[in-house]
Amino acid sequence: MAYSIIELLFVLVEKICVILVIAYLITRTKYFREILDKRFTLKNRVILISIFGAVSIFGAVTNVRDLGPMIAGLIGGSVICLGAGLIGDIHHFKLDKRARDRWSWCVLYEDVGG
């Protein structure tokens with residue numbers, strides 16, 4: 001089944017809009033503001049790891065799987081990046097049968113990407 005360029009572009013713009021809405025909603029949370037103010041607590045780290053892990057899982061569908069851990073690393077540091085990356089890695093491991101052969105490379109690539 002061949003798709004036209006217009007149809008593929010429409011799907012791509014749709015996925016980008018979803019990611020932009022998620023980013024906008026994340027920036028409006030108090031946990032995000034606490035991280036930007038350098039007030040790290042266990043609760044806001046766990047919440048941001050969950051949010052960016054979900055972005056990583058959604059990125060697996062849209063082929064931008066590394067976006068979640070990279071943004072998590074830039075915003076919250078290595079702990080949040082590692083947590084979000086591991087969530088994305090576990091999802092990728094369960095999703096792709098071939099990922100079991102290259103599991104160590106997936107973990108390294110996803111987690112170092114942030």
# chains A, B, ... in the order shown; residues from 1 in each chain; ligands from 1
$ residues_around --residues "stretch 63-78 of chain A" --least-positions-apart "3" --cutoff "12 Å" --atoms "only C-alpha atoms" --output "ChimeraX atom specification"
/A:12,15-16,19-20,22-23,26-27,31-41,44-60,81-89,91-92,106-114
$ select_by_dssp --residues "stretch 6-79 of chain A" --states "helix (DSSP H, G or I)" --output "VMD selection string"
chain A and resid 6 to 27 30 to 36 42 to 62 67 to 76 78 to 79
$ closest_residue --among "A:Ile6, A:Tyr24, A:Val79, A:Lys30" --to "A:Leu42" --atoms "only C-alpha atoms"
A:Val79
$ atom_distance --atom1 "atom CA of A:Lys43" --atom2 "atom CA of A:Lys94"
27.1 Å
